[in-house]
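Trainee: Have a look at this one.
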Amino acid sequence: MEKKLKVAALRNGTVIDHIPSDKLFKVVSILHLDTCLNQITLANNLESAKIGSKGLVKISDRALEVDETNKIALIAPHAKINIILDYQVVEKRPLVLPEEIREIVQCTNPNCITNHQAVTTRFHVLNNDEEIMLKCHYCEREVKRDDVKIK
């Protein structure tokens, strides 16, 4: 069986692959790609043997910073990040959930100061064996990773 590319190859930049289809636009949002001036290719609902249906982002002429790609770990922990140079993968970057997440998650506590004043949200990542939780720095409300609301 012949393998065909559904999306054109990238000369230089970043490829984010294996994003669950329902998380693609959240990745676009947390990376602020709506304001990026580089050429961006988005593909969604592509066939995937591993996850059934996947999304893909290609950002031309820009290698994302490690802290940017690690934000993806919050919503698409199994996504694959490849840095491309002259059509070759020069780095396969692992996703690591940071110890603290700023700005991208909204606190679910309606009484939290972050929901009433211009305060940057800060969440501490709590890892346990069962699931990952986030704890608001200000009100200490805990929320499951799967239940977070992306700003």
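Each chain in the structure tokens gets a letter, A, B and so on, in the order shown; residues start at 1 in every chain, and ligands are counted from 1 in the order they appear.
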Excluding same-chain residues fewer than 6 positions from region 87-99 of chain A, what lies within 6 Å of it counting only C-alpha atoms, as an NGL selection string?
Mentor: :A and (10-11 or 70 or 73 or 81 or 124-125)
Trainee: What would the file look like if the residues just selected were written as a CSV table (one decimal), in the first residue's frame with C-alpha atoms?
Mentor:
chain,number,residue,atom,x,y,z
A,10,LEU,CA,7.5,21.6,5.7
A,11,ARG,CA,10.9,23.0,4.9
A,70,ASN,CA,5.0,22.1,27.1
A,73,ALA,CA,1.1,18.7,27.4
A,81,ILE,CA,6.5,17.7,18.5
A,124,HIS,CA,0.3,24.3,40.4
A,125,VAL,CA,0.4,20.9,38.8
Trainee: Find the residues near Lys50 (chain A): any atom within 12 Å, counting only C-alpha atoms, skip ones fewer than 3 places away on the same chain, and give them as a compact mmCIF listing (two decimals) with C-alpha atoms, in the first residue's frame.
Mentor:
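In the end it all went to out26.txt:
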# COMPACT_ATOMS: atom_id res chain seq x y z
CA ASP A 17 1.20 15.81 15.28
CA HIS A 18 -1.12 13.29 16.94
CA ILE A 19 -3.35 15.93 18.51
CA PRO A 20 -6.75 14.42 19.33
CA LEU A 46 -7.08 12.81 9.69
CA GLU A 47 -6.98 9.02 10.01
CA SER A 53 -8.84 10.67 14.36
CA LYS A 54 -6.12 13.27 14.77
CA HIS A 78 0.53 12.34 23.70
CA ALA A 79 1.04 14.84 20.87
Trainee: Interatomic distance between CA of Lys135 (chain A) and CA of Ile16 (chain A)?
Mentor: 27.3 Å
Trainee: Write out as a PyMOL selection string all residues of region 3-129 of chain A that DSSP puts in strand (DSSP E) for this structure's backbone.
Mentor: chain A and resi 13-20+40-48+52-60+80-85+88-93+100-102+105-106+122-127
Trainee: Write the selection just made, keeping N, CA and C atoms, as a compact mmCIF listing (two decimals), in the first residue's frame?
Mentor:
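Ended up saving to part-v2.txt:
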# COMPACT_ATOMS: atom_id res chain seq x y z
N GLY A 13 10.52 24.66 10.41
CA GLY A 13 9.48 25.05 11.35
C GLY A 13 9.18 23.97 12.37
N THR A 14 7.94 23.98 12.85
CA THR A 14 7.50 23.05 13.88
C THR A 14 6.27 22.30 13.40
N VAL A 15 6.26 21.00 13.66
CA VAL A 15 5.09 20.17 13.38
C VAL A 15 4.59 19.61 14.70
N ILE A 16 3.31 19.80 14.95
CA ILE A 16 2.66 19.21 16.12
C ILE A 16 1.68 18.18 15.58
N ASP A 17 1.96 16.92 15.85
CA ASP A 17 1.20 15.81 15.28
C ASP A 17 0.53 15.01 16.39
N HIS A 18 -0.41 14.19 16.01
CA HIS A 18 -1.12 13.29 16.94
C HIS A 18 -1.89 14.06 18.02
N ILE A 19 -2.47 15.18 17.62
CA ILE A 19 -3.35 15.93 18.51
C ILE A 19 -4.74 15.30 18.38
N PRO A 20 -5.38 14.91 19.48
CA PRO A 20 -6.75 14.42 19.33
C PRO A 20 -7.60 15.47 18.62
N ILE A 40 0.74 28.92 8.51
CA ILE A 40 0.30 27.84 9.38
C ILE A 40 -0.62 26.92 8.58
N THR A 41 -0.39 25.62 8.71
CA THR A 41 -1.26 24.63 8.11
C THR A 41 -1.94 23.87 9.23
N LEU A 42 -3.26 23.81 9.17
CA LEU A 42 -4.03 23.03 10.13
C LEU A 42 -4.73 21.91 9.37
N ALA A 43 -4.72 20.73 9.95
CA ALA A 43 -5.47 19.62 9.39
C ALA A 43 -6.18 18.93 10.54
N ASN A 44 -7.41 18.52 10.31
CA ASN A 44 -8.16 17.89 11.38
C ASN A 44 -8.93 16.70 10.84
N ASN A 45 -9.24 15.80 11.73
CA ASN A 45 -9.97 14.57 11.41
C ASN A 45 -9.23 13.70 10.40
N LEU A 46 -7.90 13.70 10.50
CA LEU A 46 -7.08 12.81 9.69
C LEU A 46 -7.12 11.42 10.31
N GLU A 47 -7.00 10.39 9.49
CA GLU A 47 -6.98 9.02 10.01
C GLU A 47 -5.72 8.79 10.81
N SER A 48 -5.86 8.09 11.92
CA SER A 48 -4.73 7.74 12.77
C SER A 48 -4.93 6.32 13.29
N GLY A 52 -7.36 6.97 16.18
CA GLY A 52 -8.57 7.02 15.37
C GLY A 52 -8.66 8.24 14.48
N SER A 53 -8.72 9.41 15.10
CA SER A 53 -8.84 10.67 14.36
C SER A 53 -7.90 11.68 15.01
N LYS A 54 -7.11 12.35 14.21
CA LYS A 54 -6.12 13.27 14.77
C LYS A 54 -6.12 14.60 14.07
N GLY A 55 -5.48 15.56 14.75
CA GLY A 55 -5.25 16.87 14.18
C GLY A 55 -3.75 17.08 14.01
N LEU A 56 -3.39 18.07 13.22
CA LEU A 56 -2.00 18.35 12.89
C LEU A 56 -1.84 19.85 12.70
N VAL A 57 -0.73 20.40 13.22
CA VAL A 57 -0.41 21.82 13.03
C VAL A 57 1.00 21.90 12.48
N LYS A 58 1.18 22.68 11.43
CA LYS A 58 2.52 22.96 10.89
C LYS A 58 2.72 24.46 10.89
N ILE A 59 3.81 24.89 11.53
CA ILE A 59 4.12 26.31 11.62
C ILE A 59 5.42 26.53 10.86
N SER A 60 5.36 27.26 9.79
CA SER A 60 6.51 27.47 8.93
C SER A 60 7.49 28.48 9.53
N LYS A 80 2.93 14.74 19.39
CA LYS A 80 4.35 14.64 19.01
C LYS A 80 4.79 15.98 18.43
N ILE A 81 5.94 16.46 18.92
CA ILE A 81 6.50 17.74 18.46
C ILE A 81 7.77 17.45 17.69
N ASN A 82 7.83 17.91 16.45
CA ASN A 82 9.03 17.75 15.63
C ASN A 82 9.48 19.12 15.14
N ILE A 83 10.77 19.38 15.32
CA ILE A 83 11.37 20.61 14.79
C ILE A 83 12.04 20.23 13.47
N ILE A 84 11.72 20.97 12.43
CA ILE A 84 12.14 20.64 11.06
C ILE A 84 13.14 21.69 10.56
N LEU A 85 14.21 21.23 9.95
CA LEU A 85 15.20 22.09 9.31
C LEU A 85 15.57 21.47 7.98
N GLN A 88 14.15 18.07 7.17
CA GLN A 88 14.56 16.95 8.03
C GLN A 88 14.17 17.22 9.47
N VAL A 89 13.76 16.18 10.18
CA VAL A 89 13.47 16.30 11.60
C VAL A 89 14.81 16.39 12.33
N VAL A 90 15.06 17.53 12.97
CA VAL A 90 16.32 17.72 13.70
C VAL A 90 16.13 17.56 15.20
N GLU A 91 14.87 17.59 15.65
CA GLU A 91 14.59 17.40 17.07
C GLU A 91 13.20 16.83 17.24
N LYS A 92 13.11 15.75 18.01
CA LYS A 92 11.82 15.20 18.45
C LYS A 92 11.71 15.59 19.91
N ARG A 93 10.84 16.53 20.18
CA ARG A 93 10.77 17.12 21.51
C ARG A 93 9.73 16.41 22.38
N GLU A 100 4.15 24.60 36.97
CA GLU A 100 3.19 25.69 37.12
C GLU A 100 2.71 26.12 35.74
N ILE A 101 1.41 26.37 35.66
CA ILE A 101 0.81 26.81 34.41
C ILE A 101 0.23 28.20 34.63
N ARG A 102 0.64 29.14 33.77
CA ARG A 102 0.18 30.53 33.89
C ARG A 102 -0.64 30.91 32.66
N VAL A 105 -5.27 28.69 31.76
CA VAL A 105 -6.39 28.00 32.40
C VAL A 105 -7.18 29.00 33.24
N GLN A 106 -8.49 28.90 33.17
CA GLN A 106 -9.36 29.75 33.97
C GLN A 106 -9.78 29.00 35.23
N ARG A 122 -2.61 31.35 37.85
CA ARG A 122 -1.46 30.48 38.14
C ARG A 122 -2.00 29.19 38.75
N PHE A 123 -1.60 28.09 38.18
CA PHE A 123 -1.99 26.79 38.71
C PHE A 123 -0.76 25.94 38.94
N HIS A 124 -0.74 25.25 40.06
CA HIS A 124 0.32 24.30 40.37
C HIS A 124 -0.16 22.93 39.90
N VAL A 125 0.74 22.18 39.26
CA VAL A 125 0.40 20.85 38.77
C VAL A 125 0.67 19.84 39.87
N LEU A 126 -0.37 19.09 40.22
CA LEU A 126 -0.26 18.06 41.24
C LEU A 126 -0.33 16.71 40.55
N ASN A 127 0.76 15.97 40.60
CA ASN A 127 0.78 14.64 40.00
C ASN A 127 0.52 13.60 41.07
Trainee: Please extract the residues of region 17-150 of chain A with a backbone DSSP assignment of helix (DSSP H, G or I) and present them as a PyMOL selection string.
Mentor: chain A and resi 21-30+33-35+66-75+113-115+145-147
Trainee: Pull N, CA and C atoms from the residues just selected and write them as a tab-separated table (two decimals), in the first residue's frame.
Mentor:
chain	number	residue	atom	x	y	z
A	21	SER	N	-8.42	15.05	17.67
A	21	SER	CA	-9.18	15.99	16.84
A	21	SER	C	-9.98	17.00	17.65
A	22	ASP	N	-10.54	16.56	18.77
A	22	ASP	CA	-11.35	17.49	19.57
A	22	ASP	C	-10.51	18.49	20.36
A	23	LYS	N	-9.17	18.36	20.32
A	23	LYS	CA	-8.27	19.27	21.05
A	23	LYS	C	-7.50	20.21	20.13
A	24	LEU	N	-7.63	20.05	18.81
A	24	LEU	CA	-6.83	20.84	17.87
A	24	LEU	C	-6.97	22.34	18.08
A	25	PHE	N	-8.18	22.83	18.19
A	25	PHE	CA	-8.36	24.28	18.28
A	25	PHE	C	-7.99	24.82	19.66
A	26	LYS	N	-7.97	23.98	20.68
A	26	LYS	CA	-7.45	24.39	21.98
A	26	LYS	C	-5.93	24.59	21.88
A	27	VAL	N	-5.25	23.72	21.13
A	27	VAL	CA	-3.81	23.89	20.91
A	27	VAL	C	-3.56	25.20	20.17
A	28	VAL	N	-4.33	25.47	19.14
A	28	VAL	CA	-4.21	26.73	18.40
A	28	VAL	C	-4.39	27.91	19.34
A	29	SER	N	-5.35	27.82	20.23
A	29	SER	CA	-5.65	28.90	21.17
A	29	SER	C	-4.52	29.12	22.18
A	30	ILE	N	-4.03	28.06	22.83
A	30	ILE	CA	-3.02	28.27	23.87
A	30	ILE	C	-1.68	28.71	23.31
A	33	LEU	N	-1.89	31.04	17.98
A	33	LEU	CA	-1.57	30.95	16.56
A	33	LEU	C	-2.49	31.81	15.71
A	34	ASP	N	-3.59	32.28	16.29
A	34	ASP	CA	-4.50	33.15	15.55
A	34	ASP	C	-3.86	34.50	15.25
A	35	THR	N	-2.79	34.85	15.99
A	35	THR	CA	-2.10	36.12	15.76
A	35	THR	C	-0.71	35.91	15.17
A	66	VAL	N	10.52	25.62	24.15
A	66	VAL	CA	10.16	24.48	24.98
A	66	VAL	C	8.97	24.82	25.88
A	67	ASP	N	8.94	26.02	26.46
A	67	ASP	CA	7.83	26.36	27.34
A	67	ASP	C	6.51	26.46	26.57
A	68	GLU	N	6.58	26.81	25.29
A	68	GLU	CA	5.36	26.85	24.47
A	68	GLU	C	4.85	25.43	24.21
A	69	THR	N	5.77	24.55	23.82
A	69	THR	CA	5.34	23.19	23.51
A	69	THR	C	4.88	22.45	24.75
A	70	ASN	N	5.45	22.76	25.90
A	70	ASN	CA	5.03	22.09	27.12
A	70	ASN	C	3.62	22.45	27.54
A	71	LYS	N	3.12	23.60	27.10
A	71	LYS	CA	1.73	23.96	27.37
A	71	LYS	C	0.78	22.94	26.72
A	72	ILE	N	1.22	22.38	25.59
A	72	ILE	CA	0.41	21.41	24.87
A	72	ILE	C	0.20	20.16	25.72
A	73	ALA	N	1.16	19.85	26.59
A	73	ALA	CA	1.07	18.66	27.44
A	73	ALA	C	-0.17	18.69	28.33
A	74	LEU	N	-0.69	19.87	28.62
A	74	LEU	CA	-1.87	19.98	29.46
A	74	LEU	C	-3.11	19.39	28.78
A	75	ILE	N	-3.26	19.63	27.49
A	75	ILE	CA	-4.49	19.20	26.81
A	75	ILE	C	-4.30	18.07	25.81
A	113	ILE	N	-10.18	35.45	42.88
A	113	ILE	CA	-9.76	36.81	42.50
A	113	ILE	C	-9.48	36.92	41.00
A	114	THR	N	-9.02	35.81	40.38
A	114	THR	CA	-8.69	35.84	38.95
A	114	THR	C	-9.93	36.03	38.08
A	115	ASN	N	-11.10	35.76	38.64
A	115	ASN	CA	-12.35	35.94	37.89
A	115	ASN	C	-12.98	37.31	38.11
A	145	ARG	N	-7.29	17.60	35.32
A	145	ARG	CA	-6.78	18.07	34.03
A	145	ARG	C	-7.86	18.01	32.95
A	146	ASP	N	-8.65	16.96	32.94
A	146	ASP	CA	-9.66	16.81	31.90
A	146	ASP	C	-10.82	17.80	32.03
A	147	ASP	N	-10.93	18.44	33.20
A	147	ASP	CA	-12.03	19.38	33.45
A	147	ASP	C	-11.61	20.85	33.39
Trainee: Nearest to Leu134 (chain A) among A:Ala118, A:Val148, A:Ala9, A:Ile51, with distances taken over only C-alpha atoms: which residue is it?
Mentor: A:Val148
